[in-house]
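Reproduced below: target.cif, with mmCIF, C-alpha atoms.
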```
data_input
loop_
_atom_site.label_atom_id
_atom_site.label_comp_id
_atom_site.auth_asym_id
_atom_site.auth_seq_id
_atom_site.Cartn_x
_atom_site.Cartn_y
_atom_site.Cartn_z
CA ASP T 1 0.00 0.00 0.00
CA THR T 2 1.58 3.27 -1.09
CA GLY T 3 -0.90 5.69 0.50
CA VAL T 4 -0.68 7.71 3.71
CA SER T 5 -1.20 5.44 6.71
CA GLN T 6 -2.47 6.58 10.12
CA ASN T 7 -2.95 4.72 13.37
CA PRO T 8 -4.79 4.17 15.50
CA ARG T 9 -7.94 4.77 13.45
CA HIS T 10 -9.98 5.33 16.59
CA LYS T 11 -9.01 6.31 20.11
CA ILE T 12 -11.31 6.78 23.08
CA THR T 13 -9.71 8.27 26.16
CA LYS T 14 -10.62 9.90 29.42
CA ARG T 15 -10.08 13.59 29.96
CA GLY T 16 -6.60 14.30 31.25
CA GLN T 17 -4.92 11.34 29.56
CA ASN T 18 -2.22 11.66 26.92
CA VAL T 19 -2.67 10.26 23.41
CA THR T 20 -0.30 9.79 20.49
CA PHE T 21 -1.09 9.35 16.82
CA ARG T 22 1.27 8.10 14.15
CA CYS T 23 1.42 8.94 10.46
CA ASP T 24 3.42 7.20 7.75
CA PRO T 25 3.44 9.38 4.61
CA ILE T 26 3.84 8.32 1.00
CA SER T 27 7.48 7.25 0.91
CA GLU T 28 8.79 9.70 -1.69
CA HIS T 29 6.99 12.71 -0.17
CA ASN T 30 9.15 15.11 1.79
CA ARG T 31 6.37 17.25 3.22
CA LEU T 32 4.02 16.07 5.94
CA TYR T 33 1.00 17.91 7.37
CA TRP T 34 -1.36 17.52 10.29
CA TYR T 35 -4.93 18.80 10.09
CA ARG T 36 -7.84 18.63 12.51
CA GLN T 37 -11.44 18.20 11.47
CA THR T 38 -14.49 18.59 13.67
CA LEU T 39 -17.99 17.47 12.78
CA GLY T 40 -19.56 19.43 9.95
CA GLN T 41 -16.41 21.39 9.16
CA GLY T 42 -13.59 21.22 6.69
CA PRO T 43 -10.09 20.26 7.82
CA GLU T 44 -8.07 22.95 9.65
CA PHE T 45 -4.30 23.21 9.37
CA LEU T 46 -2.27 22.39 12.48
CA THR T 47 1.37 22.06 11.42
CA TYR T 48 3.70 20.89 8.67
CA PHE T 49 7.17 19.43 8.24
CA GLN T 50 9.63 19.52 5.41
CA ASN T 51 11.79 16.48 5.98
CA GLU T 52 12.47 16.52 9.74
CA ALA T 53 12.06 20.27 10.20
CA GLN T 54 8.78 21.59 11.60
CA LEU T 55 8.36 24.77 9.59
CA GLU T 56 4.99 26.11 10.62
CA LYS T 57 2.51 25.73 13.45
CA SER T 58 -1.04 27.03 13.63
CA ARG T 59 -2.37 28.97 16.60
CA LEU T 60 -4.74 26.02 16.98
CA LEU T 61 -1.78 23.98 18.16
CA SER T 62 -1.76 24.76 21.89
CA ASP T 63 1.18 23.91 24.12
CA ARG T 64 -0.50 20.59 24.95
CA PHE T 65 0.09 19.49 21.35
CA SER T 66 3.46 18.40 20.04
CA ALA T 67 4.38 16.94 16.68
CA GLU T 68 7.63 15.33 15.65
CA ARG T 69 9.16 13.84 12.55
CA PRO T 70 12.53 12.70 13.87
CA LYS T 71 13.97 11.03 10.79
CA GLY T 72 12.02 12.81 8.11
CA SER T 73 9.81 9.79 7.50
CA PHE T 74 6.94 8.98 9.91
CA SER T 75 5.48 11.59 12.24
CA THR T 76 3.77 11.51 15.62
CA LEU T 77 1.23 13.92 17.07
CA GLU T 78 0.92 13.85 20.85
CA ILE T 79 -1.83 15.53 22.84
CA GLN T 80 -1.16 15.88 26.54
CA ARG T 81 -3.82 16.29 29.23
CA THR T 82 -6.62 15.80 26.73
CA GLU T 83 -9.78 17.90 26.99
CA GLN T 84 -13.23 17.19 25.61
CA GLY T 85 -12.71 19.94 23.05
CA ASP T 86 -9.86 17.90 21.56
CA SER T 87 -12.38 15.36 20.24
CA ALA T 88 -11.99 15.45 16.47
CA MET T 89 -10.60 13.60 13.47
CA TYR T 90 -6.85 14.15 13.15
CA LEU T 91 -5.76 13.93 9.54
CA CYS T 92 -2.27 13.50 8.21
CA ALA T 93 -1.33 14.40 4.64
CA SER T 94 1.82 14.39 2.56
CA SER T 95 3.02 16.09 -0.59
CA SER T 96 6.15 16.49 -2.67
CA ILE T 97 7.93 19.24 -4.50
CA GLN T 98 7.86 18.52 -8.21
CA GLY T 99 9.65 19.54 -11.35
CA ALA T 100 12.88 21.29 -12.15
CA GLY T 101 11.59 24.47 -10.56
CA LEU T 102 10.76 22.63 -7.34
CA VAL T 103 7.17 23.70 -7.59
CA ASN T 104 4.79 22.72 -4.85
CA THR T 105 1.55 21.93 -6.61
CA GLY T 106 -0.41 22.36 -3.39
CA GLU T 107 -1.92 18.91 -3.81
CA LEU T 108 -2.13 17.03 -0.53
CA PHE T 109 -2.74 13.32 -0.17
CA PHE T 110 -4.58 12.51 3.03
CA GLY T 111 -4.61 9.44 5.22
CA GLU T 112 -7.79 7.90 6.57
CA GLY T 113 -7.54 9.87 9.81
CA SER T 114 -7.44 9.08 13.50
CA ARG T 115 -10.67 9.81 15.31
CA LEU T 116 -10.25 10.92 18.92
CA THR T 117 -13.07 10.86 21.45
CA VAL T 118 -12.35 12.37 24.85
CA LEU T 119 -14.86 11.38 27.53
CA GLY X 1 -8.29 35.34 7.36
CA GLN X 2 -9.24 33.84 4.05
CA GLN X 3 -12.46 31.86 3.96
CA LEU X 4 -14.01 29.66 1.36
CA ASN X 5 -17.78 29.53 1.17
CA GLN X 6 -19.40 26.53 -0.43
CA SER X 7 -22.90 26.37 -1.81
CA PRO X 8 -25.17 24.61 -1.34
CA GLN X 9 -24.39 23.18 2.10
CA SER X 10 -26.34 20.03 1.24
CA MET X 11 -28.06 18.50 -1.76
CA PHE X 12 -30.63 15.74 -2.05
CA ILE X 13 -30.96 14.41 -5.58
CA GLN X 14 -32.20 11.41 -7.53
CA GLU X 15 -29.77 8.93 -9.01
CA GLY X 16 -28.93 9.91 -12.56
CA GLU X 17 -29.31 13.65 -12.03
CA ASP X 18 -26.51 16.12 -12.69
CA VAL X 19 -25.02 18.04 -9.75
CA SER X 20 -23.53 21.52 -9.56
CA MET X 21 -21.81 23.11 -6.60
CA ASN X 22 -19.59 26.10 -6.17
CA CYS X 23 -17.00 27.67 -3.94
CA THR X 24 -16.35 31.39 -3.51
CA SER X 25 -13.76 33.49 -1.76
CA SER X 26 -13.32 37.16 -0.95
CA SER X 27 -9.65 36.79 -1.93
CA ILE X 28 -7.89 35.62 -5.06
CA PHE X 29 -6.72 32.03 -5.15
CA ASN X 30 -4.03 30.73 -7.51
CA THR X 31 -4.90 27.07 -7.06
CA TRP X 32 -8.24 25.40 -6.52
CA LEU X 33 -8.52 21.84 -5.30
CA TRP X 34 -11.64 19.71 -5.01
CA TYR X 35 -11.71 16.84 -2.52
CA LYS X 36 -14.34 14.21 -1.67
CA GLN X 37 -14.67 12.71 1.78
CA ASP X 38 -16.57 9.54 2.61
CA PRO X 39 -17.81 8.98 6.18
CA GLY X 40 -14.97 8.05 8.54
CA GLU X 41 -12.32 8.51 5.86
CA GLY X 42 -9.84 11.17 4.86
CA PRO X 43 -10.44 13.52 1.92
CA VAL X 44 -9.47 12.24 -1.52
CA LEU X 45 -8.26 14.65 -4.20
CA LEU X 46 -10.58 14.73 -7.22
CA ILE X 47 -9.40 17.61 -9.39
CA ALA X 48 -6.71 20.31 -9.20
CA LEU X 49 -6.94 23.63 -11.09
CA TYR X 50 -4.02 26.01 -11.60
CA LYS X 51 -5.07 28.61 -14.15
CA ALA X 52 -7.93 31.11 -14.33
CA GLY X 53 -10.56 29.87 -16.76
CA GLU X 54 -9.20 26.32 -16.71
CA LEU X 55 -11.76 23.55 -17.19
CA THR X 56 -10.66 20.08 -16.12
CA SER X 57 -12.48 16.76 -16.18
CA ASN X 58 -12.02 13.54 -14.27
CA GLY X 59 -14.52 11.00 -15.54
CA ARG X 60 -18.02 12.31 -14.79
CA LEU X 61 -16.58 15.20 -12.79
CA THR X 62 -15.77 18.57 -14.31
CA ALA X 63 -14.35 21.54 -12.42
CA GLN X 64 -13.66 25.10 -13.49
CA PHE X 65 -11.33 27.78 -12.16
CA GLY X 66 -13.33 31.01 -12.26
CA ILE X 67 -12.05 33.90 -14.38
CA THR X 68 -12.04 36.25 -11.38
CA ARG X 69 -9.91 33.70 -9.47
CA LYS X 70 -12.35 34.10 -6.59
CA ASP X 71 -14.53 31.11 -7.38
CA SER X 72 -14.60 27.56 -8.66
CA PHE X 73 -17.31 25.17 -9.73
CA LEU X 74 -17.68 21.39 -9.61
CA ASN X 75 -20.17 19.48 -11.72
CA ILE X 76 -21.02 15.80 -11.54
CA SER X 77 -22.93 14.30 -14.43
CA ALA X 78 -25.31 11.33 -14.21
CA SER X 79 -24.85 10.81 -10.46
CA ILE X 80 -24.53 7.30 -9.06
CA PRO X 81 -24.83 6.05 -5.46
CA SER X 82 -21.06 6.06 -4.86
CA ASP X 83 -21.02 9.83 -5.44
CA VAL X 84 -22.55 10.24 -1.98
CA GLY X 85 -20.24 12.09 0.37
CA ILE X 86 -18.98 15.52 1.30
CA TYR X 87 -17.24 17.62 -1.34
CA PHE X 88 -14.70 20.22 -0.20
CA CYS X 89 -13.01 22.96 -2.13
CA ALA X 90 -9.59 24.05 -0.91
CA GLY X 91 -6.70 26.26 -1.86
CA PRO X 92 -3.35 27.50 -0.58
CA MET X 93 -3.77 30.59 1.60
CA TRP X 94 -1.39 32.49 -0.66
CA ARG X 95 0.90 31.65 -3.58
CA GLY X 96 3.48 29.17 -2.36
CA ALA X 97 1.76 28.68 1.00
CA GLN X 98 2.11 25.24 2.46
CA LYS X 99 -1.22 25.17 4.22
CA LEU X 100 -4.60 24.76 2.60
CA VAL X 101 -7.78 26.48 3.65
CA PHE X 102 -10.93 24.39 3.17
CA GLY X 103 -14.55 25.28 2.62
CA GLN X 104 -17.17 23.89 4.97
CA GLY X 105 -18.24 21.28 2.41
CA THR X 106 -21.27 20.34 0.35
CA ARG X 107 -22.96 17.15 1.51
CA LEU X 108 -24.42 15.13 -1.35
CA THR X 109 -27.18 12.59 -0.72
CA ILE X 110 -28.60 10.48 -3.53
CA ASN X 111 -32.00 8.84 -3.48
CA PRO X 112 -32.00 5.61 -5.47
#
```
Could you show the structure in this file as structure tokens?
Amino acid sequence: DTGVSQNPRHKITKRGQNVTFRCDPISEHNRLYWYRQTLGQGPEFLTYFQNEAQLEKSRLLSDRFSAERPKGSFSTLEIQRTEQGDSAMYLCASSSIQGAGLVNTGELFFGEGSRLTVL
Amino acid sequence: GQQLNQSPQSMFIQEGEDVSMNCTSSSIFNTWLWYKQDPGEGPVLLIALYKAGELTSNGRLTAQFGITRKDSFLNISASIPSDVGIYFCAGPMWRGAQKLVFGQGTRLTINP
């Protein structure tokens, strides 16, 4: 399977617990993104990596959230001291820079998501 | 910040009918992307548009990049049950931006 892979697909946790999600991007893609999606809304940008460098973080990413991509391949998103408002689908996506001009087409390829429910 | 407004928010149609939906912005976009999301799954890219006025097809789907660069349209011809889902438009917040902004989606329901 050459698509973006996320696990776990579903996580139910109690408020105050820590959770971690993993994302394995498409192997030749050097950019990796995390988005959050709540019910009835489109995905919202959280953060992105180029290789192992985290280059941008949204204001949505509070200090309880941390993302890493230590070797420039898979990434983890950890949420500490979860709150009920963290309940959402967490989507990972990857993309690549293409062409001689290193153009980013803007096309993202998403994984199936990790759904978090905080009780 | 930039927002994308999709219309209609939901559609209920009969199988075989054609579908039209649109996406508008108060700002200019240089790329328009259309995604489809099935329940419990991540969005899947359907069509990408890069040039004002561009018309691109993918099977029964056709999308257009509006001349003003502030809107885009998606049409589905002869709808079938597997077209059910939520359709999102999206675009980079500015030229070269790494993050996409998404519309709120158009939910398509098909009556057999």
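For the pair atom CA of Val101 of chain X and atom CA of Tyr35 of chain T, the separation is 10.4 Å.
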At a cut-off of 12 Å, which residues of chain X touch chain T? Count only C-alpha atoms and give the answer as a ChimeraX atom specification. /X:3-6,9-10,29-50,86-107
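With only C-alpha atoms as the atoms that count, the residue of T:Glu83, T:Phe21, T:Arg36, T:Asn30 with the shortest distance to Leu61 of chain T is T:Arg36.
Atom pair atom CA of Arg59 of chain T / atom CA of Ser72 of chain X: separated by 28.1 Å.
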To test your reading of the syntax: which residues would the PyMOL selection byres ((chain X and resi 71) around 6) return for the file shown? Reply as a ChimeraX atom specification. /X:23-24,66,69-70,72
Using all atoms listed in the file, pick whichever of T:Asn18, T:Thr2, T:Val118, T:Ser27 has the shortest atom-to-atom distance to Gln84 of chain T.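 Checking each of T:Asn18, T:Thr2, T:Val118, T:Ser27 against Gln84 of chain T, counting all atoms listed in the file, the winner is T:Val118.
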Nearest to Ser66 of chain T by atom-to-atom distance, counting only C-alpha atoms, from T:Val19, T:His29, T:Leu39, T:Asn51: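 Counting only C-alpha atoms, the residue closest to Ser66 of chain T is T:Val19.
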Target residues per the PyMOL selection byres ((chain X and resi 110) around 9), formatted as a PyMOL selection string: chain X and resi 11-15+79-84+108-109+111-112
What separation in Å, quoted to one decimal, exists between atom CA of Gln54 of chain T and atom CA of Gly16 of chain T?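 Those two atoms sit 26.0 Å apart.
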Edge lengths and centre in Å to one decimal, as JSON, of the axis-aligned box that encloses all listed atoms of segment 14-22 of chain T with 6 Å added on every side?
```
{"center_x": -4.7, "center_y": 11.2, "center_z": 22.7, "size_x": 23.9, "size_y": 18.2, "size_z": 29.1}
```
